[in-house]
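Okay, structure first, notes after.
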Amino acid sequence: MFPCILTNWMKNLICFLVSFLVFIHTVAGQDTLRVSVRHSLTNQPIPGATVVLIGTSNGTSTDPNGVALLRTSVTGPQPIRISAVSFLMITRSINLPQTDTLRITLEPSEEELAEITVSSTRTGRSVADEPTRVEVLDAEELDEKANMQPANIAVILRESPGIQVQQTSVMSANATFRIQGLDGRYTQLLQDGLPLYSGFSSGLSLMQVPPLNLKQVEVIKGCQSTLYGSGAIAGLVNLVTKEPTRKRDLSFLLNGTSALGLDLNGYFAQRNDKIGFTFYATRNLQRAYDPNHDQFSDLPQIARTTLQPKLFWYPNATVTISAGLIWSDEQRTGGYLPTIRNESAGYTEANDSRRLATQFRLEKRFSNESVLTIKNSYSRFRRAISLPDYQFGGLQQSSFSEISYYKHHPKSDWIAGMNLWTDQFHDESPAFSPTPIYGQAIAGAFVQNTSTITEKLSLETGLRTDLVMTTVRATNEATKPHLFLLPRFSLLYRASEHWTSRLGGGLGYKAPTLFTEDAERLSFRGVDLQSIRQDQTESSMGLNWDINYRTELSEETTLSVNQLFFYTQLNRLPVLTPTGTRYAFRTADGHLSTRGFETNVRLVYHDLHTFLGYSFIDTRRQYDNLAGPLPLTAKHRLYFTTLYETDKLKTGFEAFYSGPQQRTDGSKAPDYWTLGYMIEKKWTFGQNTKGSIFINFENFLDVRQSRFEPLVTGSITQPVFVTDIYAPTDGRVINAGFKLKL
């Protein structure tokens with residue numbers, strides 16, 4: 001019996017040893033394939049992506065860092081498939097074994113469900129993970145705003161807490177916007193991270209940017225001078241345009257208004273493996289409109305055409321090159337209606353402008369998780385202002401070039417770069433020969449780091465240095481360059497799953513400029529354009545602190561609350577001061593400060609979205625023996641909107657309250673409410689064609705400033721206009737139209 005037991009034991013031992021040797025041989029013959037999967041647009045890791053060797057059962061998922069490890073003994077060419085929810089699946093052939101990390105980028109699909117990422121901070125992080133506070137208006141919100149006003153982006157900014165759209169002319173309806181009570185020259189308006197309008201063109205900026213090719217709008221409030229230099233004291237607005245996808249996007253919009261306006265818009269986009277293309281065209285027409293029947297226009301006569309073609313080239317999986325063109329031509333005339341119609345003589349105010357701009361961007365992604373970006377823009381803007389006894393006009397040429405390098409590490413992101421911005425204005429008024437009135441050149445270098453210190457704490461720090469040189473015609477020589485050093489920080493603290501808080505601040509500056517809101521209101525009449533000097537550079541210091549709370553009240557109900565506090569102080573302000581019969585710029589003795597808070601509450605229940613916002617803005621002058629609120633800045637503003645949307649229907653209601661404002665003479669302007677309602681009916685024709693019709697009742701209580709006071713006094717040839725515009729001038733406007741997507 002013993003020999004039998006021994007024999008069985010030896011058999012089992014031999015079987016175990018053979019199996020163990022086979023296992024050792026198999027493991028020894030296996031190689032580890034390391035795959036890194038990232039977002040093609042933001043370079044952020046994609047956790048949970050599936051990586052499979054086709055034809056085998058060998059597959060796994062990426063970890064939180066977007067990395068997957070596959071053990072395989074296969075050698076030679078092998079197909080591999082990578083997929084992730086809300087991204088386009090890709091398949092490619094690789095040679096095994098592969099010792100280097102296989103780096104894969106996935107493109108977002110049409111039904112992308114990922115969190116919204118921001119491009120203004122250049123790290124490509126989601127809104128929730130970004131230490132800098134960023135407000136994002138996504139495609140759905142932009143689509144709703146386009147139903148209200150498809151001609152320009154004024155309504156998009158006007159209905160954002162903490163932002164006030166300020167009309168600067170009764171007749172021409174020119175407008176700018178203020179963030180946290182600061183004039184428009186303290187905010188940078190960008191398109192895809194490139195300067196869009198500034199200087200002489202800024203007086204028409206909001207009114208000349210159509211919104212229908214935008215993917216999202218990013219708003220950052222507070223100093224952003226580290227990345228964007230001069231003019232980002234109050235913040236920035238970045239208009240992010242749509243990019244082509246493999247699925248064709250062909251859409252049209254036709255809109256008409258009760259204020260005698262007509263808007264025609266068309267957009268096309270598509271790409272293949274190597275080439276992509278987008279083309280956006282608009283035609284906006286507006287007849288002179290006079291709701292208060294004083295025979296002077298409250299909306300000017302407008303004819304504007306805008307074309308924006310853009311070409312994308314993808315030579316390989318790691319390089320993207322884009323080149324675009326922006327061309328616009330506008331004739332804008334306001335004044336005495338019979339004169340506009342060529343029926344009789346009277347006062348008119350005309351603004352004719354033409355703009356040609358180019359945009360270029362090259363992005364190269366490297367295997368070490370870094371990105372090199374080169375971008376450039378050039379703008380040529382000509383504008384002529386014509387009044388019966390006065391003309392002013394000029395040519396503005398500006399350029400922007402930048403090279404930057406981004407490097408991602410597991411717990412930090414670095415970006416460093418250099419840029420050069422130039423701006424030159426030629427006076428083409430009849431009284432002067434076309435010689436430069438002034439020119440500016442700003443060379444800058446910057447570095448920024450975003451680090452995840454702990455699971456609860458992230459810190460973003462940056463430093464910028466700018467060299468500013470201004471040339472004024474009075475001396476015809478460049479003055480001594482000024483050097484600025486601009487530090488900045490933002491701290492994100494994640495207290496829990498529901499509570500987060502951000503604290504940020506920095507220094508900023510604004511290079512000398514002739515084109516202020518005060519000069520724009522005067523149409524530059526009597527303004528000594530040679531009075532601006534290099535030493536009239538403004539400096540600032542700002543702080544922002546916000547607290548966020550977000551929770552799910554049920555499976556279909558979410559509540560989010562954001563409370564923001566802010567403070568900014570500006571020093572060395574250039575103010576426009578009467579000097580006899582003319583006006584000259586001089587440096588004020590003192591400072592301007594703005595402080596306040598914003599409260600934002602958003603409640604989402606199934607298909608119902610409700611938003612409540614309140615802003616308290618206290619902007620005070622403390623210079624030249626002036627003490628008190630900045631004129632035409634509402635201290636209290638209340639916003640309430642609600643939107644219900646399904647596959648077949650979209651309807652929304654909005655209410656806005658503007659508190660009393662101080663006029664320039666010290667008196668108080670009245671407060672007012674405006675209400676609006678919009679409804680859109682959608683249809684689907686087959687698989688690829690969608691259409692809708694919409695109607696919008698804007699300001700249906702017909703609130704307008706002419707109900708509080710006359711906008712025009714005097715004769716038809718020498719009228720006197722109200723200079724302080726604190727309420728709508730167009731009153732109730734009903735617009736309706738249809739959208740078609742093929």
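Residue numbering restarts at 1 in every chain; chains get A, B, ... in the order shown in the structure tokens, and ligands count up from 1 in that same order.
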Exercise for the section: as a list of chain:residue names, list the residues of stretch 250-467 of chain A assigned to helix (DSSP H, G or I) by DSSP on the backbone atoms of this structure. Expected result: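 Of stretch 250-467 of chain A, the ones in helix (DSSP H, G or I) are A:Leu337, A:Pro338, A:Thr339, A:Ile340.
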Any chance you can output those residues with all heavy atoms as a short mmCIF file (atom, residue, chain, number, x, y, z; two decimals), in the first residue's frame?
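Written output follows (again-v3.cif):
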```cif
data_model
loop_
_atom_site.label_atom_id
_atom_site.label_comp_id
_atom_site.auth_asym_id
_atom_site.auth_seq_id
_atom_site.Cartn_x
_atom_site.Cartn_y
_atom_site.Cartn_z
N LEU A 337 -35.28 110.51 -38.70
CA LEU A 337 -35.77 109.49 -39.63
C LEU A 337 -35.96 109.99 -41.06
O LEU A 337 -35.53 109.32 -42.01
CB LEU A 337 -37.07 108.88 -39.09
CG LEU A 337 -36.90 107.56 -38.31
CD1 LEU A 337 -36.03 107.74 -37.09
CD2 LEU A 337 -38.26 106.99 -37.92
N PRO A 338 -36.60 111.15 -41.29
CA PRO A 338 -36.74 111.61 -42.68
C PRO A 338 -35.40 111.81 -43.39
O PRO A 338 -35.30 111.60 -44.60
CB PRO A 338 -37.51 112.93 -42.54
CG PRO A 338 -38.29 112.77 -41.27
CD PRO A 338 -37.37 112.00 -40.36
N THR A 339 -34.37 112.19 -42.65
CA THR A 339 -33.05 112.36 -43.26
C THR A 339 -32.44 111.01 -43.62
O THR A 339 -31.83 110.85 -44.68
CB THR A 339 -32.12 113.12 -42.31
OG1 THR A 339 -32.73 114.36 -41.94
CG2 THR A 339 -30.78 113.40 -42.97
N ILE A 340 -32.61 110.03 -42.75
CA ILE A 340 -32.11 108.69 -43.04
C ILE A 340 -32.78 108.13 -44.29
O ILE A 340 -32.15 107.45 -45.11
CB ILE A 340 -32.35 107.75 -41.83
CG1 ILE A 340 -31.54 108.24 -40.62
CG2 ILE A 340 -31.97 106.32 -42.17
CD1 ILE A 340 -31.80 107.45 -39.36
#
```
Exercise for the section: Would you mind writing down, as a count of residues only, each residue of stretch 532-689 of chain A that DSSP on the backbone assigns to strand (DSSP E)? Expected result: 119
Closest pair table for stretch 167-281 of chain A residues within 12 Å of stretch 560-567 of chain A, only C-alpha atoms, as CSV:
```
residue,atom,partner,partner_atom,distance
A:Ile179,CA,A:Phe566,CA,11.2
A:Gln180,CA,A:Phe566,CA,8.4
A:Gly181,CA,A:Tyr567,CA,10.7
A:Leu182,CA,A:Tyr567,CA,11.3
A:Lys221,CA,A:Phe566,CA,9.0
A:Gly222,CA,A:Phe566,CA,7.8
A:Cys223,CA,A:Tyr567,CA,10.4
A:Ile233,CA,A:Tyr567,CA,11.4
A:Ala234,CA,A:Tyr567,CA,10.2
A:Gly235,CA,A:Phe566,CA,11.9
```
Exercise for the section: Work out how far atom CA of A:Asn600 is from atom CA of A:Pro195, in Å to one decimal. Expected result: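 Result for atom CA of A:Pro195 versus atom CA of A:Asn600: 28.8 Å, one decimal.
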Practice task
Give me, please, the distance in Å between atom CA of A:Ser540 and atom CA of A:Asp624, quoted to one decimal.
Solution key: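 Those two atoms sit 18.1 Å apart.
Distances here use only C-alpha atoms; by that measure, the residue among A:Asp423, A:Asp263, A:Asp589, A:Glu552 closest to A:Ala146 is A:Asp263.
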Handout entry: Shell around A:Gly676 at 10 Å using only C-alpha atoms, local window under 3 positions removed, as a PyMOL selection string
Key = chain A and resi 148+641+652-656+696-701+732-734
Can you spit out the residues from that selection as a PDB file, in the first residue's frame, using N, CA and C atoms?
```pdb
ATOM      1  N   MET A 148     -33.097  84.742 -28.853  1.00  0.00           N
ATOM      2  CA  MET A 148     -33.470  86.079 -28.405  1.00  0.00           C
ATOM      3  C   MET A 148     -32.825  87.170 -29.259  1.00  0.00           C
ATOM      4  N   THR A 641     -34.195  83.308 -14.267  1.00  0.00           N
ATOM      5  CA  THR A 641     -34.542  82.664 -15.529  1.00  0.00           C
ATOM      6  C   THR A 641     -34.969  81.228 -15.248  1.00  0.00           C
ATOM      7  N   GLY A 652     -38.939  79.283 -22.129  1.00  0.00           N
ATOM      8  CA  GLY A 652     -38.261  79.911 -21.006  1.00  0.00           C
ATOM      9  C   GLY A 652     -38.835  81.269 -20.667  1.00  0.00           C
ATOM     10  N   PHE A 653     -38.667  81.643 -19.403  1.00  0.00           N
ATOM     11  CA  PHE A 653     -39.113  82.939 -18.901  1.00  0.00           C
ATOM     12  C   PHE A 653     -37.944  83.582 -18.170  1.00  0.00           C
ATOM     13  N   GLU A 654     -37.823  84.910 -18.275  1.00  0.00           N
ATOM     14  CA  GLU A 654     -36.741  85.597 -17.597  1.00  0.00           C
ATOM     15  C   GLU A 654     -37.228  86.924 -17.039  1.00  0.00           C
ATOM     16  N   ALA A 655     -36.636  87.311 -15.929  1.00  0.00           N
ATOM     17  CA  ALA A 655     -36.943  88.595 -15.296  1.00  0.00           C
ATOM     18  C   ALA A 655     -35.647  89.199 -14.787  1.00  0.00           C
ATOM     19  N   PHE A 656     -35.447  90.504 -15.060  1.00  0.00           N
ATOM     20  CA  PHE A 656     -34.223  91.192 -14.654  1.00  0.00           C
ATOM     21  C   PHE A 656     -34.585  92.507 -13.978  1.00  0.00           C
ATOM     22  N   ASN A 696     -39.941  84.987 -29.590  1.00  0.00           N
ATOM     23  CA  ASN A 696     -39.401  85.538 -28.356  1.00  0.00           C
ATOM     24  C   ASN A 696     -40.001  86.913 -28.102  1.00  0.00           C
ATOM     25  N   PHE A 697     -40.485  87.110 -26.870  1.00  0.00           N
ATOM     26  CA  PHE A 697     -41.054  88.392 -26.455  1.00  0.00           C
ATOM     27  C   PHE A 697     -40.052  89.045 -25.505  1.00  0.00           C
ATOM     28  N   GLU A 698     -39.249  89.944 -26.032  1.00  0.00           N
ATOM     29  CA  GLU A 698     -38.202  90.584 -25.251  1.00  0.00           C
ATOM     30  C   GLU A 698     -38.713  91.897 -24.668  1.00  0.00           C
ATOM     31  N   ASN A 699     -38.562  92.044 -23.336  1.00  0.00           N
ATOM     32  CA  ASN A 699     -38.971  93.280 -22.669  1.00  0.00           C
ATOM     33  C   ASN A 699     -40.443  93.577 -22.961  1.00  0.00           C
ATOM     34  N   PHE A 700     -41.301  92.569 -22.697  1.00  0.00           N
ATOM     35  CA  PHE A 700     -42.704  92.745 -23.103  1.00  0.00           C
ATOM     36  C   PHE A 700     -43.469  93.738 -22.220  1.00  0.00           C
ATOM     37  N   LEU A 701     -42.848  94.245 -21.151  1.00  0.00           N
ATOM     38  CA  LEU A 701     -43.456  95.351 -20.398  1.00  0.00           C
ATOM     39  C   LEU A 701     -43.153  96.703 -21.047  1.00  0.00           C
ATOM     40  N   ARG A 732     -40.089  97.268 -26.128  1.00  0.00           N
ATOM     41  CA  ARG A 732     -40.569  95.910 -26.430  1.00  0.00           C
ATOM     42  C   ARG A 732     -40.183  95.520 -27.859  1.00  0.00           C
ATOM     43  N   VAL A 733     -39.603  94.318 -27.996  1.00  0.00           N
ATOM     44  CA  VAL A 733     -39.243  93.790 -29.305  1.00  0.00           C
ATOM     45  C   VAL A 733     -39.667  92.324 -29.357  1.00  0.00           C
ATOM     46  N   ILE A 734     -40.422  91.972 -30.377  1.00  0.00           N
ATOM     47  CA  ILE A 734     -40.839  90.588 -30.598  1.00  0.00           C
ATOM     48  C   ILE A 734     -40.094  90.079 -31.829  1.00  0.00           C
TER      49      ILE A 734
END
```
Problem - Minimum-distance residue to A:Gly439, chosen among A:Asn147, A:Asn255, A:Gln397, A:Ser93 (using only C-alpha atoms) - result: A:Gln397
Handout entry: Contact residues around stretch 458-469 of chain A with only C-alpha atoms at 9 Å, ignoring same-chain residues under 6 positions, as JSON, numbers by chain
Key = {"A": [129, 130, 131, 132, 225, 226, 227, 229, 230, 439, 440, 441, 442, 443, 444, 445, 446, 447, 448, 449, 450, 451, 452, 478, 479, 480, 481, 482, 483, 484, 485, 486, 487, 488, 489, 490, 491, 492, 493, 494, 504, 511, 534]}
Keeping only C-alpha atoms, write those residues as a PDB file, in the first residue's frame.
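Now in result-v3.pdb:
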```
ATOM      1  CA  ASP A 129     -11.038  70.947 -11.086  1.00  0.00           C
ATOM      2  CA  GLU A 130      -9.793  74.387 -12.128  1.00  0.00           C
ATOM      3  CA  PRO A 131      -8.408  76.549  -9.286  1.00  0.00           C
ATOM      4  CA  THR A 132      -9.356  79.683 -11.239  1.00  0.00           C
ATOM      5  CA  SER A 225      -2.884  89.599 -16.519  1.00  0.00           C
ATOM      6  CA  THR A 226      -0.463  86.696 -15.950  1.00  0.00           C
ATOM      7  CA  LEU A 227      -1.578  84.860 -19.084  1.00  0.00           C
ATOM      8  CA  GLY A 229      -1.224  90.876 -20.132  1.00  0.00           C
ATOM      9  CA  SER A 230      -2.553  94.419 -20.503  1.00  0.00           C
ATOM     10  CA  GLY A 439       1.550 103.047 -31.592  1.00  0.00           C
ATOM     11  CA  GLN A 440       2.162 100.442 -28.926  1.00  0.00           C
ATOM     12  CA  ALA A 441       4.340  97.368 -28.683  1.00  0.00           C
ATOM     13  CA  ILE A 442       4.189  95.008 -25.711  1.00  0.00           C
ATOM     14  CA  ALA A 443       6.594  92.082 -25.343  1.00  0.00           C
ATOM     15  CA  GLY A 444       5.818  89.622 -22.564  1.00  0.00           C
ATOM     16  CA  ALA A 445       6.962  86.356 -21.010  1.00  0.00           C
ATOM     17  CA  PHE A 446       4.946  84.234 -18.592  1.00  0.00           C
ATOM     18  CA  VAL A 447       5.000  81.007 -16.613  1.00  0.00           C
ATOM     19  CA  GLN A 448       2.163  79.276 -14.757  1.00  0.00           C
ATOM     20  CA  ASN A 449       1.987  76.151 -12.608  1.00  0.00           C
ATOM     21  CA  THR A 450      -1.116  74.268 -11.508  1.00  0.00           C
ATOM     22  CA  SER A 451      -0.407  71.686  -8.811  1.00  0.00           C
ATOM     23  CA  THR A 452      -2.517  69.141  -6.967  1.00  0.00           C
ATOM     24  CA  ALA A 478       9.247 106.371 -28.565  1.00  0.00           C
ATOM     25  CA  THR A 479       9.307 107.079 -24.865  1.00  0.00           C
ATOM     26  CA  LYS A 480      11.279 105.022 -22.372  1.00  0.00           C
ATOM     27  CA  PRO A 481       9.895 101.462 -22.113  1.00  0.00           C
ATOM     28  CA  HIS A 482       8.124 100.521 -18.888  1.00  0.00           C
ATOM     29  CA  LEU A 483       8.570  97.130 -17.239  1.00  0.00           C
ATOM     30  CA  PHE A 484       5.742  95.396 -15.335  1.00  0.00           C
ATOM     31  CA  LEU A 485       5.996  92.351 -13.070  1.00  0.00           C
ATOM     32  CA  LEU A 486       2.647  90.611 -12.548  1.00  0.00           C
ATOM     33  CA  PRO A 487       2.262  87.756 -10.024  1.00  0.00           C
ATOM     34  CA  ARG A 488      -1.013  85.859  -9.585  1.00  0.00           C
ATOM     35  CA  PHE A 489      -2.384  82.922  -7.550  1.00  0.00           C
ATOM     36  CA  SER A 490      -5.553  80.826  -7.270  1.00  0.00           C
ATOM     37  CA  LEU A 491      -6.218  78.251  -4.552  1.00  0.00           C
ATOM     38  CA  LEU A 492      -8.889  75.528  -4.746  1.00  0.00           C
ATOM     39  CA  TYR A 493      -9.976  73.777  -1.551  1.00  0.00           C
ATOM     40  CA  ARG A 494     -12.267  70.727  -1.740  1.00  0.00           C
ATOM     41  CA  GLY A 504      -7.383  84.142  -5.966  1.00  0.00           C
ATOM     42  CA  ALA A 511      -1.362 100.327 -21.133  1.00  0.00           C
ATOM     43  CA  GLN A 534       3.426 106.659 -21.703  1.00  0.00           C
TER      44      GLN A 534
END
```
Handout entry: Long-range neighbours of stretch 298-302 of chain A as a ChimeraX atom specification, 7 Å cut-off, only C-alpha atoms, 3 positions minimum in chain
Key = /A:170-173,285-290,331-334,729-730
Handout entry: Minimum-distance residue to A:Leu632, chosen among A:Thr101, A:Gln569, A:Thr454, A:Thr168 (using only C-alpha atoms)
Key = A:Thr168
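Using only C-alpha atoms, the nearest neighbour of A:Gly714 within the list A:Phe296, A:Val155, A:Lys145, A:Thr581 is A:Phe296.
Residue nearest A:Arg382 within the list A:Gly199, A:Gly335, A:Gly596, A:Pro629: A:Gly199 [criterion: smallest interatomic distance, only C-alpha atoms].
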Exercise for the section: Tell me which of A:Leu254, A:Ile153, A:Ile547, A:Ile94 sits closest to A:Asn213, counting only C-alpha atoms. Expected result: A:Ile153
Problem - Neighbour list for A:Pro574 as number ranges by chain, cut-off 9 Å, only C-alpha atoms, skip fewer than 5 positions in-chain - result: A: 512-513, 532, 536-538, 585-588
